[in-house]
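**Student:** Quick one: the structure is below, questions incoming.
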Amino acid sequence: MKNIKIYNRILLVLILTGIVFLILFLFLAIIKNKQETLILEESKTQFDNEINSLIKLKSATLKQVAYDYTFWDDFVEKINSKDTAWYNNNITTILKSFRIDYVCVYDASFNMVHEAYSDEFISRNFITKDILVKLKEKKFLDYFQAADSGVIEISSASIHPDIDPTHTLTKASGYLFLAKLWNTDFINELSVLSSAKVEILNNTDSIVNQNKYSISTKQLLPDWNNRKSTQLVFTRTINFLNLYHNLSIIMMIIMFSSIISTWLILHFSIRKWINRPLKLVTGILKSENHTQIDELRQCQGEFKLIGNLFNEFIIQKEDLTKAKISAEESNKLKTAFLNNISHEIRTPLNGLLGFLSLLQDSELTKSEIKNFYAIINKCSDRLLNTINDIIEISQIQSGLVKLNISQTNFFIIIDELVTNYKPLAENKSLEFYIKNNISEKNKFINIDGNILKSILSKLIDNAIKYTKSGYIEIGISEKTGYLEFYVKDTGIGIPTDKHQLIFERFMQVDVSDTREFEGSGLGLCIVKAYEELLGGKIWLESSLEKGSTFYFTIPYNENKMETEQIPKFTLNKSKEKTSEKLKILIVEDDPTSELYISILLKNDNNEILVARSGIEAIEIYKLNSDINLILMDIKMHEMSGYDAAKKIRQLNKEVIIIAQSAYAFSSSKIKALEAGCNDYITKPIKKKLLLEMIDMYFNK
Ligand code: ADP
């Protein structure tokens, strides 16, 4: 029972209800039949009584007349006188007076002395001697006798004087017979009076009822010998019972069809409104079928809500699955990242540390030492590049990189790139071309020069890295509203199925352990992120072993755009120092970094002062107002480099302050310039870069 489906349970309830109704229906039918039988029986008893009374009433006259005329002295006297006139006046007149059909008188010796009859009465000699003997004995004799035209009712009595009304005190002087013919007219009259059909049958004839709603009663008509040979049968049809029966049948048919149609309607409604939606719910739970969900949502009432709920559930589930897949992917990426980064950090670190330890060997030749230094430099550059790439991509992805669009002479950028990369290409025996289709007069455009430099550097880096022979070509052309660049090489090429993939983080065409080219897999991802930031496009054409061409666009605005500008502390040229010797304050809490900078700058015979904190720097500056240059570390305890620079700038507007920090974010640079610094240099500080910067400010 527990496992029966809801629809089957409802069906069971419906069937049981149907059975209960059918039992009720049968019960009603039985009651109806019982009622009909009861009514029939009741009507029958009533009918019997009615007919008995009617027959008694009809026979009463004849008996009464026979009795009244037979204790009469005159009659006794006239029996033997044969006085015809008297008989005609007194006896024959009975016929008319009482509507009797026959009268006859016998004397004591059973001889007929008078006889009279109506016209319809044709029977004769129907009074036999036996009857007379019986009458002599009984004094009164009432009986019936069959006749051709019906039945004759006969009442007879012995004749006595006035003094003997009981006919027991005196001897009978004669016998009077009165007869009435129960002919068709009489029977019709009975029929009208009784509202029934009347028939005269032999005693042996059985009553045949054609109609089940008719009742019959019979009156047995005894002959003189008290043998009941004839019967009078009254049959009455009870019409109202017939009507009651027909009405009951109609009612029951209506009831039955109502039950069946209600049952069918309920069944189909439940199928449509409960069973079908329930089937859909079960189907959805099993297979999460979308078409079934849509069908369920078309249903009415609560099932519509359930359908909507399923829909939401499926959407949420799909979202969760997507989130899970993306979490798994990002997990994979994380692993790839760790593997790559670990490789990209450990490899140069290995070279760096390895060759540093080799340098300790005092027996090294000068050329070996030079070679080792070159290797150490290459390793540190590679390590720095990887760290820079990681910082750059995380800056872009956390939204820290803001566009700094300003009017830029992009010819300078191109020149810088040629200066930097041409030697690198030539080192690998590669030719390096620039195809610049922009005229000199259009060289100023509103773009973010740093980002353009970064994009081009990464693409040229790759072109050189992945090309063994041939050439590298950089092209620039102007389209409406944007510049289009390309970086073409004749390198190893990229298979078509990897054209999109290489722009993803850490994605490389060759991911084998034996891959030939080093790299973190971040370069193109950074390029793509910059393109998205600028609103430009990047795409490539490449075929294996033939080379690749990376195209990208840089949208620009003809008018000078209002963008975030880095405030730069302006240099008062009149106050520039031109002397050979500088008084320099190095503000640095890390002794190693301070020592490195001190050594770098001591070579020029500069005077070096050192402060270990921002507060100390202000103190020293107050005591040495002739300081020309301050190299200000940013991250220090007690007081940051920003605050110290602000304070010093309040004391002197002209002293050159160069912020130096391990923070690589452009926001740090902006903040430093806002605090009053003239420039910003990131750690690790490259000797060449620092000296160039100082040269720039002091015209050395
Ligand atoms: P990587 O540090 O590995 O160079 P990138 O993001 O710069 O990372 O490039 C992703 C991958 O795209 C590279 O590993 C390389 O397989 C492929 N690739 C990029 N540029 C070129 C090119 N010019 N020629 C051939 N393959 C290239």
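Residue numbering restarts at 1 for every chain of the structure tokens, chains are lettered A, B, ... in their displayed order, and ligands are numbered from 1 as they appear.
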As an MDAnalysis selection string, please: every protein or nucleic acid residue near ligand 1 (cut-off 7 Å, counting only C-alpha atoms and all ligand atoms).
**Tutor:** chainID A and resid 458:459 462:463 466:467 489 491:494 502:503 506:510 518:525 547:548
**Student:** Hey, what does DSSP flag as strand (DSSP E or B) within stretch 259-496 of chain A? Can you give it to me as a short mmCIF file (atom, residue, chain, number, x, y, z; two decimals) with all heavy atoms, in the first residue's frame?
**Tutor:**
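File states33.cif, as written:
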```
data_model
loop_
_atom_site.label_atom_id
_atom_site.label_comp_id
_atom_site.auth_asym_id
_atom_site.auth_seq_id
_atom_site.Cartn_x
_atom_site.Cartn_y
_atom_site.Cartn_z
N SER A 406 47.43 60.98 -23.00
CA SER A 406 47.92 62.36 -23.17
C SER A 406 48.51 62.48 -24.57
O SER A 406 48.73 61.46 -25.25
CB SER A 406 48.98 62.66 -22.11
OG SER A 406 50.02 61.73 -22.25
N GLN A 407 48.75 63.69 -24.96
CA GLN A 407 49.30 63.88 -26.30
C GLN A 407 50.72 63.30 -26.33
O GLN A 407 51.58 63.71 -25.54
CB GLN A 407 49.31 65.35 -26.66
CG GLN A 407 49.30 65.53 -28.16
CD GLN A 407 49.15 66.96 -28.54
OE1 GLN A 407 49.84 67.82 -27.99
NE2 GLN A 407 48.27 67.24 -29.49
N THR A 408 50.89 62.31 -27.19
CA THR A 408 52.15 61.57 -27.17
C THR A 408 52.78 61.60 -28.56
O THR A 408 52.09 61.42 -29.57
CB THR A 408 51.87 60.10 -26.77
OG1 THR A 408 51.05 60.12 -25.61
CG2 THR A 408 53.12 59.31 -26.52
N ASN A 409 54.09 61.78 -28.57
CA ASN A 409 54.81 61.67 -29.84
C ASN A 409 55.18 60.20 -29.99
O ASN A 409 56.17 59.72 -29.42
CB ASN A 409 56.06 62.56 -29.78
CG ASN A 409 56.85 62.48 -31.07
OD1 ASN A 409 56.59 61.63 -31.93
ND2 ASN A 409 57.84 63.37 -31.20
N LEU A 430 68.85 38.38 -37.14
CA LEU A 430 67.53 38.64 -37.72
C LEU A 430 67.52 40.09 -38.21
O LEU A 430 68.09 40.97 -37.57
CB LEU A 430 66.42 38.47 -36.68
CG LEU A 430 66.28 37.10 -36.03
CD1 LEU A 430 65.28 37.16 -34.89
CD2 LEU A 430 65.81 36.08 -37.06
N GLU A 431 66.84 40.29 -39.34
CA GLU A 431 66.72 41.67 -39.81
C GLU A 431 65.55 42.32 -39.09
O GLU A 431 64.59 41.64 -38.70
CB GLU A 431 66.50 41.68 -41.32
CG GLU A 431 67.79 41.31 -42.04
CD GLU A 431 67.59 41.24 -43.53
OE1 GLU A 431 67.26 42.27 -44.12
OE2 GLU A 431 67.76 40.14 -44.08
N PHE A 432 65.64 43.62 -38.91
CA PHE A 432 64.61 44.32 -38.12
C PHE A 432 64.13 45.54 -38.91
O PHE A 432 64.89 46.46 -39.19
CB PHE A 432 65.25 44.76 -36.79
CG PHE A 432 64.25 45.20 -35.77
CD1 PHE A 432 63.67 44.30 -34.89
CD2 PHE A 432 63.88 46.54 -35.67
CE1 PHE A 432 62.76 44.71 -33.95
CE2 PHE A 432 62.96 46.96 -34.73
CZ PHE A 432 62.40 46.04 -33.86
N TYR A 433 62.86 45.54 -39.38
CA TYR A 433 62.35 46.67 -40.17
C TYR A 433 61.22 47.37 -39.45
O TYR A 433 60.47 46.75 -38.70
CB TYR A 433 61.72 46.19 -41.50
CG TYR A 433 62.56 45.29 -42.33
CD1 TYR A 433 62.13 43.98 -42.59
CD2 TYR A 433 63.75 45.75 -42.91
CE1 TYR A 433 62.87 43.14 -43.38
CE2 TYR A 433 64.48 44.89 -43.71
CZ TYR A 433 64.05 43.60 -43.94
OH TYR A 433 64.77 42.76 -44.73
N ILE A 434 61.08 48.64 -39.82
CA ILE A 434 59.89 49.39 -39.38
C ILE A 434 59.23 49.91 -40.64
O ILE A 434 59.89 50.50 -41.49
CB ILE A 434 60.29 50.61 -38.51
CG1 ILE A 434 61.03 50.19 -37.24
CG2 ILE A 434 59.09 51.49 -38.20
CD1 ILE A 434 60.14 49.86 -36.08
N LYS A 435 57.94 49.70 -40.81
CA LYS A 435 57.21 50.27 -41.95
C LYS A 435 56.21 51.25 -41.40
O LYS A 435 55.09 50.88 -41.01
CB LYS A 435 56.50 49.16 -42.74
CG LYS A 435 57.42 48.42 -43.65
CD LYS A 435 56.64 47.72 -44.75
CE LYS A 435 57.61 47.13 -45.76
NZ LYS A 435 56.94 46.19 -46.64
N ASN A 436 56.63 52.48 -41.30
CA ASN A 436 55.79 53.51 -40.70
C ASN A 436 55.10 54.31 -41.80
O ASN A 436 55.73 55.03 -42.55
CB ASN A 436 56.67 54.41 -39.82
CG ASN A 436 55.82 55.37 -39.03
OD1 ASN A 436 54.60 55.40 -39.19
ND2 ASN A 436 56.46 56.17 -38.18
N PHE A 444 51.91 63.38 -33.29
CA PHE A 444 51.32 63.58 -31.96
C PHE A 444 49.90 63.04 -31.92
O PHE A 444 49.05 63.47 -32.68
CB PHE A 444 51.32 65.07 -31.58
CG PHE A 444 52.69 65.56 -31.23
CD1 PHE A 444 53.43 66.33 -32.13
CD2 PHE A 444 53.25 65.24 -29.99
CE1 PHE A 444 54.70 66.77 -31.80
CE2 PHE A 444 54.53 65.69 -29.67
CZ PHE A 444 55.25 66.45 -30.58
N ILE A 445 49.67 62.11 -31.06
CA ILE A 445 48.29 61.59 -30.92
C ILE A 445 47.97 61.42 -29.44
O ILE A 445 48.86 61.31 -28.60
CB ILE A 445 48.06 60.24 -31.66
CG1 ILE A 445 49.17 59.26 -31.32
CG2 ILE A 445 47.90 60.42 -33.13
CD1 ILE A 445 48.86 57.87 -31.77
N ASN A 446 46.66 61.39 -29.18
CA ASN A 446 46.21 61.22 -27.79
C ASN A 446 46.11 59.74 -27.46
O ASN A 446 45.12 59.09 -27.77
CB ASN A 446 44.84 61.88 -27.59
CG ASN A 446 44.94 63.37 -27.67
OD1 ASN A 446 45.90 63.95 -27.17
ND2 ASN A 446 43.97 63.99 -28.32
N ILE A 447 47.15 59.22 -26.87
CA ILE A 447 47.13 57.80 -26.46
C ILE A 447 47.86 57.65 -25.13
O ILE A 447 48.47 58.59 -24.64
CB ILE A 447 47.82 56.86 -27.51
CG1 ILE A 447 49.21 57.39 -27.86
CG2 ILE A 447 46.96 56.67 -28.73
CD1 ILE A 447 50.07 56.38 -28.57
N GLY A 470 65.53 34.91 -40.55
CA GLY A 470 64.57 35.72 -41.31
C GLY A 470 64.53 37.14 -40.80
O GLY A 470 65.57 37.74 -40.52
N TYR A 471 63.35 37.67 -40.59
CA TYR A 471 63.26 39.08 -40.20
C TYR A 471 62.07 39.33 -39.26
O TYR A 471 61.18 38.50 -39.13
CB TYR A 471 63.13 39.97 -41.44
CG TYR A 471 61.86 39.70 -42.22
CD1 TYR A 471 60.67 40.40 -41.94
CD2 TYR A 471 61.84 38.75 -43.26
CE1 TYR A 471 59.52 40.14 -42.67
CE2 TYR A 471 60.70 38.50 -43.97
CZ TYR A 471 59.53 39.20 -43.68
OH TYR A 471 58.39 38.94 -44.37
N ILE A 472 62.15 40.50 -38.66
CA ILE A 472 61.05 41.00 -37.82
C ILE A 472 60.61 42.31 -38.46
O ILE A 472 61.47 43.14 -38.79
CB ILE A 472 61.51 41.31 -36.37
CG1 ILE A 472 62.33 40.16 -35.75
CG2 ILE A 472 60.35 41.73 -35.48
CD1 ILE A 472 61.57 38.91 -35.47
N GLU A 473 59.32 42.48 -38.65
CA GLU A 473 58.84 43.71 -39.28
C GLU A 473 57.73 44.32 -38.43
O GLU A 473 56.81 43.61 -38.01
CB GLU A 473 58.32 43.39 -40.68
CG GLU A 473 57.93 44.62 -41.47
CD GLU A 473 57.41 44.21 -42.86
OE1 GLU A 473 58.20 43.64 -43.65
OE2 GLU A 473 56.21 44.43 -43.10
N ILE A 474 57.86 45.66 -38.22
CA ILE A 474 56.81 46.34 -37.45
C ILE A 474 56.15 47.34 -38.38
O ILE A 474 56.83 48.10 -39.07
CB ILE A 474 57.42 47.06 -36.23
CG1 ILE A 474 57.99 45.99 -35.28
CG2 ILE A 474 56.37 47.89 -35.48
CD1 ILE A 474 59.09 46.49 -34.43
N GLY A 475 54.83 47.28 -38.45
CA GLY A 475 54.10 48.17 -39.36
C GLY A 475 53.14 49.07 -38.61
O GLY A 475 52.53 48.65 -37.62
N ILE A 476 52.99 50.31 -39.08
CA ILE A 476 52.05 51.25 -38.45
C ILE A 476 51.27 51.93 -39.58
O ILE A 476 51.87 52.42 -40.54
CB ILE A 476 52.78 52.34 -37.64
CG1 ILE A 476 53.82 51.69 -36.71
CG2 ILE A 476 51.80 53.18 -36.82
CD1 ILE A 476 55.09 52.47 -36.63
N SER A 477 49.98 51.97 -39.47
CA SER A 477 49.17 52.71 -40.45
C SER A 477 48.02 53.38 -39.72
O SER A 477 47.60 52.94 -38.64
CB SER A 477 48.66 51.78 -41.54
OG SER A 477 47.94 50.73 -40.95
N GLU A 478 47.49 54.44 -40.35
CA GLU A 478 46.42 55.18 -39.70
C GLU A 478 45.10 54.85 -40.36
O GLU A 478 44.96 54.85 -41.58
CB GLU A 478 46.70 56.68 -39.80
CG GLU A 478 45.75 57.46 -38.90
CD GLU A 478 46.05 58.95 -38.92
OE1 GLU A 478 46.94 59.37 -39.66
OE2 GLU A 478 45.36 59.67 -38.18
N LYS A 479 44.09 54.54 -39.55
CA LYS A 479 42.71 54.31 -40.05
C LYS A 479 41.86 55.37 -39.36
O LYS A 479 42.32 56.06 -38.45
CB LYS A 479 42.22 52.90 -39.68
CG LYS A 479 43.17 51.77 -40.07
CD LYS A 479 42.88 51.27 -41.46
CE LYS A 479 44.10 50.65 -42.08
NZ LYS A 479 44.18 49.34 -42.41
N TYR A 482 41.66 55.29 -35.37
CA TYR A 482 42.61 54.42 -34.68
C TYR A 482 43.86 54.17 -35.50
O TYR A 482 43.87 54.40 -36.71
CB TYR A 482 41.95 53.08 -34.29
CG TYR A 482 41.48 52.24 -35.45
CD1 TYR A 482 42.32 51.30 -36.03
CD2 TYR A 482 40.18 52.37 -35.94
CE1 TYR A 482 41.88 50.52 -37.08
CE2 TYR A 482 39.73 51.59 -36.99
CZ TYR A 482 40.59 50.66 -37.56
OH TYR A 482 40.17 49.89 -38.60
N LEU A 483 44.92 53.74 -34.78
CA LEU A 483 46.15 53.35 -35.46
C LEU A 483 46.18 51.83 -35.52
O LEU A 483 45.76 51.17 -34.56
CB LEU A 483 47.36 53.82 -34.65
CG LEU A 483 47.62 55.32 -34.57
CD1 LEU A 483 48.88 55.58 -33.76
CD2 LEU A 483 47.77 55.94 -35.95
N GLU A 484 46.66 51.30 -36.64
CA GLU A 484 46.76 49.84 -36.72
C GLU A 484 48.24 49.47 -36.79
O GLU A 484 48.99 50.01 -37.60
CB GLU A 484 46.02 49.32 -37.94
CG GLU A 484 45.91 47.79 -37.93
CD GLU A 484 45.11 47.26 -39.10
OE1 GLU A 484 43.90 47.56 -39.18
OE2 GLU A 484 45.71 46.57 -39.94
N PHE A 485 48.63 48.57 -35.91
CA PHE A 485 50.03 48.10 -35.84
C PHE A 485 50.07 46.64 -36.22
O PHE A 485 49.09 45.91 -36.04
CB PHE A 485 50.58 48.22 -34.41
CG PHE A 485 50.71 49.63 -33.91
CD1 PHE A 485 49.60 50.32 -33.44
CD2 PHE A 485 51.94 50.27 -33.89
CE1 PHE A 485 49.72 51.61 -32.96
CE2 PHE A 485 52.07 51.55 -33.42
CZ PHE A 485 50.96 52.24 -32.96
N TYR A 486 51.22 46.22 -36.67
CA TYR A 486 51.44 44.77 -36.76
C TYR A 486 52.89 44.46 -36.44
O TYR A 486 53.78 45.29 -36.65
CB TYR A 486 51.03 44.19 -38.13
CG TYR A 486 51.87 44.60 -39.30
CD1 TYR A 486 53.07 43.95 -39.60
CD2 TYR A 486 51.44 45.63 -40.13
CE1 TYR A 486 53.83 44.33 -40.69
CE2 TYR A 486 52.18 46.01 -41.22
CZ TYR A 486 53.39 45.37 -41.50
OH TYR A 486 54.16 45.75 -42.58
N VAL A 487 53.11 43.26 -35.89
CA VAL A 487 54.46 42.78 -35.61
C VAL A 487 54.56 41.44 -36.32
O VAL A 487 53.85 40.50 -35.98
CB VAL A 487 54.71 42.64 -34.09
CG1 VAL A 487 56.09 42.06 -33.84
CG2 VAL A 487 54.54 43.96 -33.40
N LYS A 488 55.42 41.41 -37.35
CA LYS A 488 55.49 40.22 -38.20
C LYS A 488 56.84 39.54 -37.99
O LYS A 488 57.87 40.21 -37.84
CB LYS A 488 55.34 40.68 -39.65
CG LYS A 488 55.25 39.57 -40.64
CD LYS A 488 55.02 40.15 -42.02
CE LYS A 488 54.98 38.98 -43.00
NZ LYS A 488 54.77 39.43 -44.34
N ASP A 489 56.81 38.22 -37.98
CA ASP A 489 58.08 37.50 -37.90
C ASP A 489 58.06 36.31 -38.84
O ASP A 489 57.01 35.97 -39.40
CB ASP A 489 58.36 37.06 -36.45
CG ASP A 489 57.36 36.05 -35.94
OD1 ASP A 489 57.17 35.01 -36.59
OD2 ASP A 489 56.73 36.31 -34.88
#
```
**Student:** Which residue gives the smallest distance to A:Asp695 among A:Ile656, A:Phe552, A:Asn350, A:Leu176, with only C-alpha atoms counted?
**Tutor:**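 Of the candidates, the smallest distance to A:Asp695 is held by A:Ile656.
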**Student:** Output as a PyMOL selection string all residues of stretch 465-645 of chain A that backbone DSSP marks as alpha helix (DSSP H).
**Tutor:** chain A and resi 465+523-534+591-602+614-623+641-645
**Student:** Env of stretch 186-200 of chain A: 7 Å cut, atoms = only C-alpha atoms, seq-sep filter 3 positions within chain, self excluded. Answer as a PyMOL selection string.
**Tutor:** chain A and resi 51+182-183+231-236
**Student:** At a cut-off of 12 Å, using only C-alpha atoms, what residues contact A:Ser53? Leave out same-chain residues fewer than 4 positions from it and give the result as a list of chain:residue names.
**Tutor:**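 My reading of the contact set: A:Gln46, A:Phe47, A:Asp48, A:Asn49, A:Leu57, A:Lys58, A:Ser59, A:Ala60, A:Leu190, A:Leu193, A:Ser194, A:Gln219.
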**Student:** Put those residues in a file: N, CA, C and O atoms, as a CSV table (one decimal), in the first residue's frame.
**Tutor:**
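Result file part06.csv:
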```
chain,number,residue,atom,x,y,z
A,46,GLN,N,-57.6,-3.9,0.3
A,46,GLN,CA,-58.6,-2.9,0.1
A,46,GLN,C,-59.6,-3.2,-1.0
A,46,GLN,O,-60.8,-3.1,-0.8
A,47,PHE,N,-59.0,-3.7,-2.0
A,47,PHE,CA,-59.9,-4.1,-3.2
A,47,PHE,C,-60.8,-5.3,-2.8
A,47,PHE,O,-62.0,-5.3,-3.2
A,48,ASP,N,-60.2,-6.3,-2.1
A,48,ASP,CA,-61.0,-7.4,-1.7
A,48,ASP,C,-62.3,-6.9,-0.9
A,48,ASP,O,-63.4,-7.3,-1.1
A,49,ASN,N,-62.0,-6.0,0.1
A,49,ASN,CA,-63.1,-5.5,0.9
A,49,ASN,C,-64.1,-4.8,0.1
A,49,ASN,O,-65.3,-5.0,0.3
A,57,LEU,N,-73.9,-6.0,-1.1
A,57,LEU,CA,-74.9,-5.0,-1.4
A,57,LEU,C,-75.8,-5.4,-2.5
A,57,LEU,O,-77.1,-5.2,-2.4
A,58,LYS,N,-75.2,-5.9,-3.5
A,58,LYS,CA,-76.0,-6.3,-4.7
A,58,LYS,C,-76.9,-7.5,-4.4
A,58,LYS,O,-78.0,-7.6,-4.9
A,59,SER,N,-76.5,-8.4,-3.5
A,59,SER,CA,-77.3,-9.6,-3.3
A,59,SER,C,-78.3,-9.4,-2.2
A,59,SER,O,-79.3,-10.1,-2.0
A,60,ALA,N,-78.1,-8.3,-1.4
A,60,ALA,CA,-78.9,-8.0,-0.2
A,60,ALA,C,-80.4,-7.9,-0.6
A,60,ALA,O,-81.3,-8.4,0.1
A,190,LEU,N,-71.4,-3.6,-12.5
A,190,LEU,CA,-70.4,-3.9,-11.4
A,190,LEU,C,-69.0,-3.3,-11.7
A,190,LEU,O,-68.3,-2.8,-10.9
A,193,LEU,N,-69.0,0.3,-11.1
A,193,LEU,CA,-69.0,0.6,-9.6
A,193,LEU,C,-67.7,0.3,-8.9
A,193,LEU,O,-67.2,0.9,-8.0
A,194,SER,N,-67.1,-0.8,-9.4
A,194,SER,CA,-65.8,-1.2,-8.7
A,194,SER,C,-64.6,-0.7,-9.4
A,194,SER,O,-63.5,-0.9,-8.9
A,219,GLN,N,-64.7,-13.5,-6.5
A,219,GLN,CA,-65.8,-13.9,-5.6
A,219,GLN,C,-66.3,-15.2,-6.0
A,219,GLN,O,-66.7,-15.4,-7.2
```
**Student:** Would you work out the distance separating atom CA of A:Phe71 from atom CA of A:Asp164, expressed in Å to one decimal?
**Tutor:**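 Interatomic distance here is 6.1 Å.
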**Student:** Need the shell around stretch 272-280 of chain A: protein/DNA/RNA residues with any atom at most 10 Å away, counting only C-alpha atoms. Skip same-chain ones fewer than 3 positions apart. Format as JSON, numbers by chain?
**Tutor:** {"A": [5, 6, 7, 8, 10, 266, 267, 268, 269, 283, 284, 285, 286, 288, 289, 291, 292, 293, 294, 295, 296, 297, 298, 299, 300, 301, 302, 303, 304, 306, 307]}
**Student:** Just how far from atom CA of A:Thr496 is atom CA of A:Lys453, in Å to one decimal?
**Tutor:**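 That distance, rounded to one decimal, is 27.3 Å.
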